[in-house]
file entry.cif (mmCIF, N, CA and C atoms)
data_target
#
loop_
_atom_site.group_PDB
_atom_site.id
_atom_site.type_symbol
_atom_site.label_atom_id
_atom_site.label_comp_id
_atom_site.auth_asym_id
_atom_site.auth_seq_id
_atom_site.Cartn_x
_atom_site.Cartn_y
_atom_site.Cartn_z
ATOM 1 N N MET A 1 -3.262 27.539 -15.728
ATOM 2 C CA MET A 1 -4.473 26.756 -15.815
ATOM 3 C C MET A 1 -5.241 26.863 -14.495
ATOM 4 N N ASN A 2 -6.522 27.100 -14.578
ATOM 5 C CA ASN A 2 -7.356 27.251 -13.380
ATOM 6 C C ASN A 2 -7.833 25.889 -12.894
ATOM 7 N N ARG A 3 -7.877 25.757 -11.591
ATOM 8 C CA ARG A 3 -8.398 24.513 -11.023
ATOM 9 C C ARG A 3 -9.923 24.563 -11.056
ATOM 10 N N PRO A 4 -10.568 23.419 -11.066
ATOM 11 C CA PRO A 4 -12.041 23.411 -11.016
ATOM 12 C C PRO A 4 -12.519 23.964 -9.670
ATOM 13 N N LEU A 5 -13.674 24.588 -9.694
ATOM 14 C CA LEU A 5 -14.243 25.135 -8.459
ATOM 15 C C LEU A 5 -14.728 24.011 -7.564
ATOM 16 N N SER A 6 -14.590 24.215 -6.261
ATOM 17 C CA SER A 6 -15.117 23.244 -5.308
ATOM 18 C C SER A 6 -16.635 23.375 -5.265
ATOM 19 N N SER A 7 -17.272 22.437 -4.633
ATOM 20 C CA SER A 7 -18.729 22.465 -4.502
ATOM 21 C C SER A 7 -19.178 23.731 -3.768
ATOM 22 N N ALA A 8 -18.474 24.101 -2.712
ATOM 23 C CA ALA A 8 -18.830 25.309 -1.954
ATOM 24 C C ALA A 8 -18.647 26.558 -2.808
ATOM 25 N N GLU A 9 -17.576 26.602 -3.589
ATOM 26 C CA GLU A 9 -17.328 27.762 -4.462
ATOM 27 C C GLU A 9 -18.396 27.861 -5.544
ATOM 28 N N ARG A 10 -18.783 26.715 -6.117
ATOM 29 C CA ARG A 10 -19.849 26.728 -7.131
ATOM 30 C C ARG A 10 -21.164 27.202 -6.523
ATOM 31 N N SER A 11 -21.450 26.736 -5.316
ATOM 32 C CA SER A 11 -22.678 27.130 -4.631
ATOM 33 C C SER A 11 -22.694 28.636 -4.366
ATOM 34 N N THR A 12 -21.586 29.171 -3.896
ATOM 35 C CA THR A 12 -21.475 30.610 -3.644
ATOM 36 C C THR A 12 -21.655 31.392 -4.937
ATOM 37 N N HIS A 13 -21.031 30.925 -5.997
ATOM 38 C CA HIS A 13 -21.127 31.583 -7.307
ATOM 39 C C HIS A 13 -22.575 31.589 -7.801
ATOM 40 N N ARG A 14 -23.258 30.437 -7.690
ATOM 41 C CA ARG A 14 -24.661 30.348 -8.126
ATOM 42 C C ARG A 14 -25.546 31.267 -7.283
ATOM 43 N N ARG A 15 -25.284 31.319 -5.977
ATOM 44 C CA ARG A 15 -26.100 32.174 -5.107
ATOM 45 C C ARG A 15 -25.913 33.644 -5.453
ATOM 46 N N ARG A 16 -24.672 34.060 -5.670
ATOM 47 C CA ARG A 16 -24.428 35.460 -6.057
ATOM 48 C C ARG A 16 -25.136 35.795 -7.364
ATOM 49 N N ASN A 17 -25.073 34.890 -8.333
ATOM 50 C CA ASN A 17 -25.761 35.124 -9.606
ATOM 51 C C ASN A 17 -27.270 35.201 -9.396
ATOM 52 N N TRP A 18 -27.810 34.318 -8.552
ATOM 53 C CA TRP A 18 -29.238 34.334 -8.275
ATOM 54 C C TRP A 18 -29.646 35.659 -7.639
ATOM 55 N N LEU A 19 -28.858 36.133 -6.667
ATOM 56 C CA LEU A 19 -29.163 37.407 -6.016
ATOM 57 C C LEU A 19 -29.180 38.555 -7.025
ATOM 58 N N LYS A 20 -28.177 38.590 -7.897
ATOM 59 C CA LYS A 20 -28.116 39.643 -8.919
ATOM 60 C C LYS A 20 -29.322 39.569 -9.839
ATOM 61 N N GLU A 21 -29.662 38.352 -10.277
ATOM 62 C CA GLU A 21 -30.792 38.183 -11.194
ATOM 63 C C GLU A 21 -32.113 38.581 -10.541
ATOM 64 N N GLU A 22 -32.321 38.137 -9.305
ATOM 65 C CA GLU A 22 -33.575 38.458 -8.615
ATOM 66 C C GLU A 22 -33.698 39.954 -8.331
ATOM 67 N N ALA A 23 -32.609 40.580 -7.936
ATOM 68 C CA ALA A 23 -32.636 42.025 -7.697
ATOM 69 C C ALA A 23 -32.948 42.766 -8.998
ATOM 70 N N GLU A 24 -32.366 42.306 -10.086
ATOM 71 C CA GLU A 24 -32.629 42.937 -11.383
ATOM 72 C C GLU A 24 -34.074 42.724 -11.824
ATOM 73 N N LYS A 25 -34.604 41.516 -11.611
ATOM 74 C CA LYS A 25 -36.012 41.242 -11.955
ATOM 75 C C LYS A 25 -36.940 42.147 -11.149
ATOM 76 N N ALA A 26 -36.648 42.277 -9.861
ATOM 77 C CA ALA A 26 -37.480 43.133 -9.006
ATOM 78 C C ALA A 26 -37.431 44.576 -9.492
ATOM 79 N N ARG A 27 -36.246 45.023 -9.901
ATOM 80 C CA ARG A 27 -36.113 46.394 -10.394
ATOM 81 C C ARG A 27 -36.848 46.584 -11.710
ATOM 82 N N GLU A 28 -36.749 45.597 -12.591
ATOM 83 C CA GLU A 28 -37.427 45.700 -13.890
ATOM 84 C C GLU A 28 -38.940 45.706 -13.731
ATOM 85 N N SER A 29 -39.451 44.913 -12.801
ATOM 86 C CA SER A 29 -40.905 44.813 -12.677
ATOM 87 C C SER A 29 -41.512 45.909 -11.804
ATOM 88 N N ARG A 30 -40.788 46.337 -10.747
ATOM 89 C CA ARG A 30 -41.377 47.299 -9.822
ATOM 90 C C ARG A 30 -40.502 48.513 -9.563
ATOM 91 N N GLY A 31 -39.446 48.677 -10.328
ATOM 92 C CA GLY A 31 -38.588 49.850 -10.196
ATOM 93 C C GLY A 31 -37.681 49.776 -8.976
ATOM 94 N N GLU A 32 -37.149 50.934 -8.606
ATOM 95 C CA GLU A 32 -36.235 51.013 -7.457
ATOM 96 C C GLU A 32 -36.899 50.515 -6.172
ATOM 97 N N ALA A 33 -38.186 50.811 -6.017
ATOM 98 C CA ALA A 33 -38.898 50.356 -4.816
ATOM 99 C C ALA A 33 -38.945 48.831 -4.768
ATOM 100 N N GLY A 34 -39.117 48.195 -5.905
ATOM 101 C CA GLY A 34 -39.126 46.735 -5.959
ATOM 102 C C GLY A 34 -37.792 46.145 -5.566
ATOM 103 N N GLN A 35 -36.728 46.771 -6.039
ATOM 104 C CA GLN A 35 -35.396 46.297 -5.685
ATOM 105 C C GLN A 35 -35.147 46.483 -4.189
ATOM 106 N N MET A 36 -35.568 47.603 -3.635
ATOM 107 C CA MET A 36 -35.417 47.837 -2.202
ATOM 108 C C MET A 36 -36.193 46.787 -1.411
ATOM 109 N N GLU A 37 -37.421 46.495 -1.837
ATOM 110 C CA GLU A 37 -38.243 45.501 -1.148
ATOM 111 C C GLU A 37 -37.599 44.123 -1.205
ATOM 112 N N PHE A 38 -36.972 43.774 -2.320
ATOM 113 C CA PHE A 38 -36.269 42.499 -2.441
ATOM 114 C C PHE A 38 -35.173 42.403 -1.381
ATOM 115 N N TRP A 39 -34.335 43.445 -1.274
ATOM 116 C CA TRP A 39 -33.232 43.415 -0.316
ATOM 117 C C TRP A 39 -33.736 43.428 1.120
ATOM 118 N N LEU A 40 -34.846 44.120 1.392
ATOM 119 C CA LEU A 40 -35.416 44.108 2.741
ATOM 120 C C LEU A 40 -35.945 42.720 3.117
ATOM 121 N N ARG A 41 -36.614 42.049 2.165
ATOM 122 C CA ARG A 41 -37.088 40.690 2.426
ATOM 123 C C ARG A 41 -35.921 39.747 2.684
ATOM 124 N N LEU A 42 -34.881 39.887 1.896
ATOM 125 C CA LEU A 42 -33.702 39.046 2.076
ATOM 126 C C LEU A 42 -33.050 39.318 3.436
ATOM 127 N N ALA A 43 -32.940 40.581 3.816
ATOM 128 C CA ALA A 43 -32.354 40.935 5.110
ATOM 129 C C ALA A 43 -33.189 40.354 6.246
ATOM 130 N N ARG A 44 -34.489 40.449 6.141
ATOM 131 C CA ARG A 44 -35.368 39.909 7.187
ATOM 132 C C ARG A 44 -35.186 38.409 7.321
ATOM 133 N N SER A 45 -35.081 37.727 6.215
ATOM 134 C CA SER A 45 -34.862 36.279 6.233
ATOM 135 C C SER A 45 -33.521 35.934 6.872
ATOM 136 N N ARG A 46 -32.484 36.664 6.501
ATOM 137 C CA ARG A 46 -31.151 36.403 7.059
ATOM 138 C C ARG A 46 -31.107 36.720 8.557
ATOM 139 N N ILE A 47 -31.815 37.769 8.978
ATOM 140 C CA ILE A 47 -31.863 38.113 10.400
ATOM 141 C C ILE A 47 -32.503 36.966 11.178
ATOM 142 N N ALA A 48 -33.608 36.438 10.660
ATOM 143 C CA ALA A 48 -34.283 35.321 11.333
ATOM 144 C C ALA A 48 -33.349 34.123 11.461
ATOM 145 N N LYS A 49 -32.584 33.826 10.423
ATOM 146 C CA LYS A 49 -31.647 32.699 10.464
ATOM 147 C C LYS A 49 -30.532 32.942 11.469
ATOM 148 N N ASP A 50 -30.038 34.169 11.532
ATOM 149 C CA ASP A 50 -28.987 34.490 12.500
ATOM 150 C C ASP A 50 -29.496 34.349 13.930
ATOM 151 N N VAL A 51 -30.717 34.799 14.178
ATOM 152 C CA VAL A 51 -31.296 34.698 15.523
ATOM 153 C C VAL A 51 -31.434 33.223 15.907
ATOM 154 N N LYS A 52 -31.908 32.398 14.992
ATOM 155 C CA LYS A 52 -32.030 30.963 15.269
ATOM 156 C C LYS A 52 -30.672 30.331 15.545
ATOM 157 N N ALA A 53 -29.626 30.881 14.940
ATOM 158 C CA ALA A 53 -28.270 30.356 15.142
ATOM 159 C C ALA A 53 -27.615 30.926 16.394
ATOM 160 N N GLY A 54 -28.366 31.710 17.165
ATOM 161 C CA GLY A 54 -27.844 32.236 18.422
ATOM 162 C C GLY A 54 -27.103 33.553 18.310
ATOM 163 N N ARG A 55 -27.239 34.217 17.181
ATOM 164 C CA ARG A 55 -26.565 35.507 16.997
ATOM 165 C C ARG A 55 -27.594 36.634 17.074
ATOM 166 N N GLY A 56 -28.151 36.826 18.273
ATOM 167 C CA GLY A 56 -29.199 37.813 18.488
ATOM 168 C C GLY A 56 -28.736 39.252 18.377
ATOM 169 N N ASP A 57 -27.414 39.466 18.378
ATOM 170 C CA ASP A 57 -26.911 40.834 18.240
ATOM 171 C C ASP A 57 -27.215 41.411 16.857
ATOM 172 N N VAL A 58 -27.728 40.569 15.978
ATOM 173 C CA VAL A 58 -28.093 41.048 14.645
ATOM 174 C C VAL A 58 -29.201 42.097 14.732
ATOM 175 N N TYR A 59 -30.068 41.974 15.738
ATOM 176 C CA TYR A 59 -31.132 42.968 15.918
ATOM 177 C C TYR A 59 -30.549 44.352 16.180
ATOM 178 N N SER A 60 -29.637 44.440 17.117
ATOM 179 C CA SER A 60 -29.066 45.750 17.441
ATOM 180 C C SER A 60 -28.235 46.280 16.279
ATOM 181 N N GLY A 61 -27.564 45.396 15.550
ATOM 182 C CA GLY A 61 -26.794 45.831 14.386
ATOM 183 C C GLY A 61 -27.688 46.405 13.300
ATOM 184 N N PHE A 62 -28.792 45.721 13.008
ATOM 185 C CA PHE A 62 -29.710 46.211 11.984
ATOM 186 C C PHE A 62 -30.368 47.513 12.423
ATOM 187 N N ALA A 63 -30.734 47.593 13.702
ATOM 188 C CA ALA A 63 -31.341 48.827 14.217
ATOM 189 C C ALA A 63 -30.371 50.001 14.089
ATOM 190 N N LEU A 64 -29.102 49.754 14.368
ATOM 191 C CA LEU A 64 -28.108 50.818 14.250
ATOM 192 C C LEU A 64 -27.933 51.266 12.800
ATOM 193 N N ILE A 65 -27.921 50.307 11.882
ATOM 194 C CA ILE A 65 -27.826 50.645 10.453
ATOM 195 C C ILE A 65 -29.042 51.478 10.036
ATOM 196 N N CYS A 66 -30.218 51.105 10.510
ATOM 197 C CA CYS A 66 -31.433 51.869 10.187
ATOM 198 C C CYS A 66 -31.360 53.282 10.749
ATOM 199 N N ARG A 67 -30.866 53.417 11.979
ATOM 200 C CA ARG A 67 -30.732 54.751 12.581
ATOM 201 C C ARG A 67 -29.741 55.603 11.785
ATOM 202 N N LEU A 68 -28.643 54.996 11.355
ATOM 203 C CA LEU A 68 -27.665 55.709 10.535
ATOM 204 C C LEU A 68 -28.307 56.187 9.232
ATOM 205 N N PHE A 69 -29.058 55.315 8.590
ATOM 206 C CA PHE A 69 -29.707 55.658 7.331
ATOM 207 C C PHE A 69 -30.705 56.800 7.520
ATOM 208 N N ILE A 70 -31.490 56.729 8.589
ATOM 209 C CA ILE A 70 -32.472 57.780 8.858
ATOM 210 C C ILE A 70 -31.772 59.096 9.175
ATOM 211 N N SER A 71 -30.694 59.040 9.939
ATOM 212 C CA SER A 71 -29.925 60.262 10.235
ATOM 213 C C SER A 71 -29.399 60.896 8.952
ATOM 214 N N ALA A 72 -28.888 60.058 8.065
ATOM 215 C CA ALA A 72 -28.369 60.564 6.790
ATOM 216 C C ALA A 72 -29.492 61.195 5.964
ATOM 217 N N MET A 73 -30.680 60.570 5.958
ATOM 218 C CA MET A 73 -31.812 61.148 5.223
ATOM 219 C C MET A 73 -32.236 62.473 5.841
ATOM 220 N N ASP A 74 -32.265 62.539 7.176
ATOM 221 C CA ASP A 74 -32.649 63.780 7.860
ATOM 222 C C ASP A 74 -31.671 64.910 7.546
ATOM 223 N N GLN A 75 -30.381 64.615 7.613
ATOM 224 C CA GLN A 75 -29.367 65.622 7.313
ATOM 225 C C GLN A 75 -29.494 66.106 5.863
ATOM 226 N N ARG A 76 -29.756 65.164 4.958
ATOM 227 C CA ARG A 76 -29.920 65.533 3.550
ATOM 228 C C ARG A 76 -31.140 66.431 3.372
ATOM 229 N N ALA A 77 -32.216 66.111 4.067
ATOM 230 C CA ALA A 77 -33.431 66.934 3.984
ATOM 231 C C ALA A 77 -33.188 68.334 4.536
ATOM 232 N N ASP A 78 -32.262 68.442 5.494
ATOM 233 C CA ASP A 78 -31.917 69.744 6.068
ATOM 234 C C ASP A 78 -30.884 70.493 5.227
ATOM 235 N N GLY A 79 -30.476 69.916 4.112
ATOM 236 C CA GLY A 79 -29.557 70.593 3.209
ATOM 237 C C GLY A 79 -28.102 70.176 3.320
ATOM 238 N N ASP A 80 -27.783 69.259 4.206
ATOM 239 C CA ASP A 80 -26.397 68.796 4.376
ATOM 240 C C ASP A 80 -26.284 67.383 3.830
ATOM 241 N N GLN A 81 -25.695 67.253 2.651
ATOM 242 C CA GLN A 81 -25.615 65.949 1.989
ATOM 243 C C GLN A 81 -24.340 65.178 2.307
ATOM 244 N N ARG A 82 -23.476 65.707 3.165
ATOM 245 C CA ARG A 82 -22.187 65.046 3.416
ATOM 246 C C ARG A 82 -22.347 63.630 3.947
ATOM 247 N N ILE A 83 -23.178 63.446 4.975
ATOM 248 C CA ILE A 83 -23.342 62.106 5.557
ATOM 249 C C ILE A 83 -23.971 61.167 4.536
ATOM 250 N N TRP A 84 -24.962 61.651 3.802
ATOM 251 C CA TRP A 84 -25.625 60.830 2.782
ATOM 252 C C TRP A 84 -24.617 60.372 1.734
ATOM 253 N N ASN A 85 -23.852 61.308 1.213
ATOM 254 C CA ASN A 85 -22.862 60.965 0.181
ATOM 255 C C ASN A 85 -21.797 60.015 0.715
ATOM 256 N N ASP A 86 -21.324 60.278 1.946
ATOM 257 C CA ASP A 86 -20.324 59.393 2.548
ATOM 258 C C ASP A 86 -20.882 57.993 2.773
ATOM 259 N N LEU A 87 -22.131 57.918 3.229
ATOM 260 C CA LEU A 87 -22.767 56.625 3.482
ATOM 261 C C LEU A 87 -22.896 55.820 2.191
ATOM 262 N N LEU A 88 -23.368 56.460 1.136
ATOM 263 C CA LEU A 88 -23.516 55.755 -0.137
ATOM 264 C C LEU A 88 -22.165 55.326 -0.703
ATOM 265 N N GLN A 89 -21.181 56.197 -0.598
ATOM 266 C CA GLN A 89 -19.848 55.863 -1.097
ATOM 267 C C GLN A 89 -19.279 54.673 -0.328
ATOM 268 N N TYR A 90 -19.397 54.699 0.989
ATOM 269 C CA TYR A 90 -18.882 53.597 1.808
ATOM 270 C C TYR A 90 -19.627 52.295 1.503
ATOM 271 N N ALA A 91 -20.948 52.378 1.371
ATOM 272 C CA ALA A 91 -21.751 51.193 1.071
ATOM 273 C C ALA A 91 -21.336 50.581 -0.268
ATOM 274 N N GLU A 92 -21.129 51.415 -1.272
ATOM 275 C CA GLU A 92 -20.696 50.911 -2.584
ATOM 276 C C GLU A 92 -19.337 50.234 -2.494
ATOM 277 N N GLN A 93 -18.422 50.796 -1.718
ATOM 278 C CA GLN A 93 -17.098 50.201 -1.549
ATOM 279 C C GLN A 93 -17.183 48.841 -0.868
ATOM 280 N N VAL A 94 -17.974 48.757 0.190
ATOM 281 C CA VAL A 94 -18.095 47.496 0.933
ATOM 282 C C VAL A 94 -18.731 46.424 0.059
ATOM 283 N N VAL A 95 -19.814 46.766 -0.644
ATOM 284 C CA VAL A 95 -20.510 45.787 -1.479
ATOM 285 C C VAL A 95 -19.622 45.325 -2.630
ATOM 286 N N ALA A 96 -18.829 46.241 -3.181
ATOM 287 C CA ALA A 96 -17.926 45.861 -4.271
ATOM 288 C C ALA A 96 -16.838 44.916 -3.765
ATOM 289 N N LYS A 97 -16.355 45.174 -2.567
ATOM 290 C CA LYS A 97 -15.277 44.357 -2.016
ATOM 291 C C LYS A 97 -15.793 43.032 -1.440
ATOM 292 N N HIS A 98 -17.001 43.052 -0.862
ATOM 293 C CA HIS A 98 -17.571 41.872 -0.212
ATOM 294 C C HIS A 98 -19.005 41.659 -0.700
ATOM 295 N N PRO A 99 -19.180 41.130 -1.904
ATOM 296 C CA PRO A 99 -20.551 40.928 -2.405
ATOM 297 C C PRO A 99 -21.299 39.903 -1.546
ATOM 298 N N PRO A 100 -22.632 40.025 -1.501
ATOM 299 C CA PRO A 100 -23.425 39.073 -0.710
ATOM 300 C C PRO A 100 -23.143 37.637 -1.153
ATOM 301 N N ALA A 101 -23.067 36.757 -0.177
ATOM 302 C CA ALA A 101 -22.770 35.349 -0.489
ATOM 303 C C ALA A 101 -24.038 34.549 -0.657
#

call {"tool": "encode", "arguments": {"input": "entry.cif", "output": "structure tokens"}}
result
Amino acid sequence: MNRPLSSAERSTHRRRNWLKEEAEKARESRGEAGQMEFWLRLARSRIAKDVKAGRGDVYSGFALICRLFISAMDQRADGDQRIWNDLLQYAEQVVAKHPPA
């Protein structure tokens, strides 16, 4: 028999469902670009909250992720898809294991 979810667990569950629904709505209305814009807006909001909470290293972390993404795109454009494929595979694994809260 399962125990009832705590208030925090219910809140996390509702937030994850909301994120999935909003990302899907953005994709349905504006395609892949809409979904990307949704996640970028969410990331920007979360970065602002982290900075207010005193975690300014979020800027350098996001910049590094952006540099990695651009490097992978550049390598793919030059005909080498290894970094791109590895990056996408790793990202899918992380998101599957640790979905956004």

call {"tool": "axis_aligned_box", "arguments": {"input": "entry.cif", "around": "region 31-40 of chain A", "padding_each_side": "3 Å", "output": "JSON"}}
result
{"center_x": -36.3, "center_y": 46.7, "center_z": -3.6, "size_x": 12.2, "size_y": 14.6, "size_z": 19.4}

call {"tool": "atom_distance", "arguments": {"input": "entry.cif", "atom1": "CA of Val94 (chain A)", "atom2": "CA of Arg55 (chain A)"}}
result
21.8 Å

call {"tool": "resolve_selection", "arguments": {"input": "entry.cif", "expression": "the PyMOL selection byres (((chain A and resi 17-24 and name CA) around 12) and name CA)", "output": "PyMOL selection string"}}
result
chain A and resi 10-16+25-42+99-101

call {"tool": "select_by_dssp", "arguments": {"input": "entry.cif", "residues": "chain A", "states": "alpha helix (DSSP H)", "output": "number ranges by chain"}}
result
A: 7-52, 57-77, 82-97

call {"tool": "resolve_selection", "arguments": {"input": "entry.cif", "expression": "the PyMOL selection byres (((chain A and resi 65-75 and name CA) around 12) and name CA)", "output": "PyMOL selection string"}}
result
chain A and resi 40+43+58-64+76-88+91

call {"tool": "atom_distance", "arguments": {"input": "entry.cif", "atom1": "CA of Asn2 (chain A)", "atom2": "CA of Ala96 (chain A)"}}
result
23.3 Å
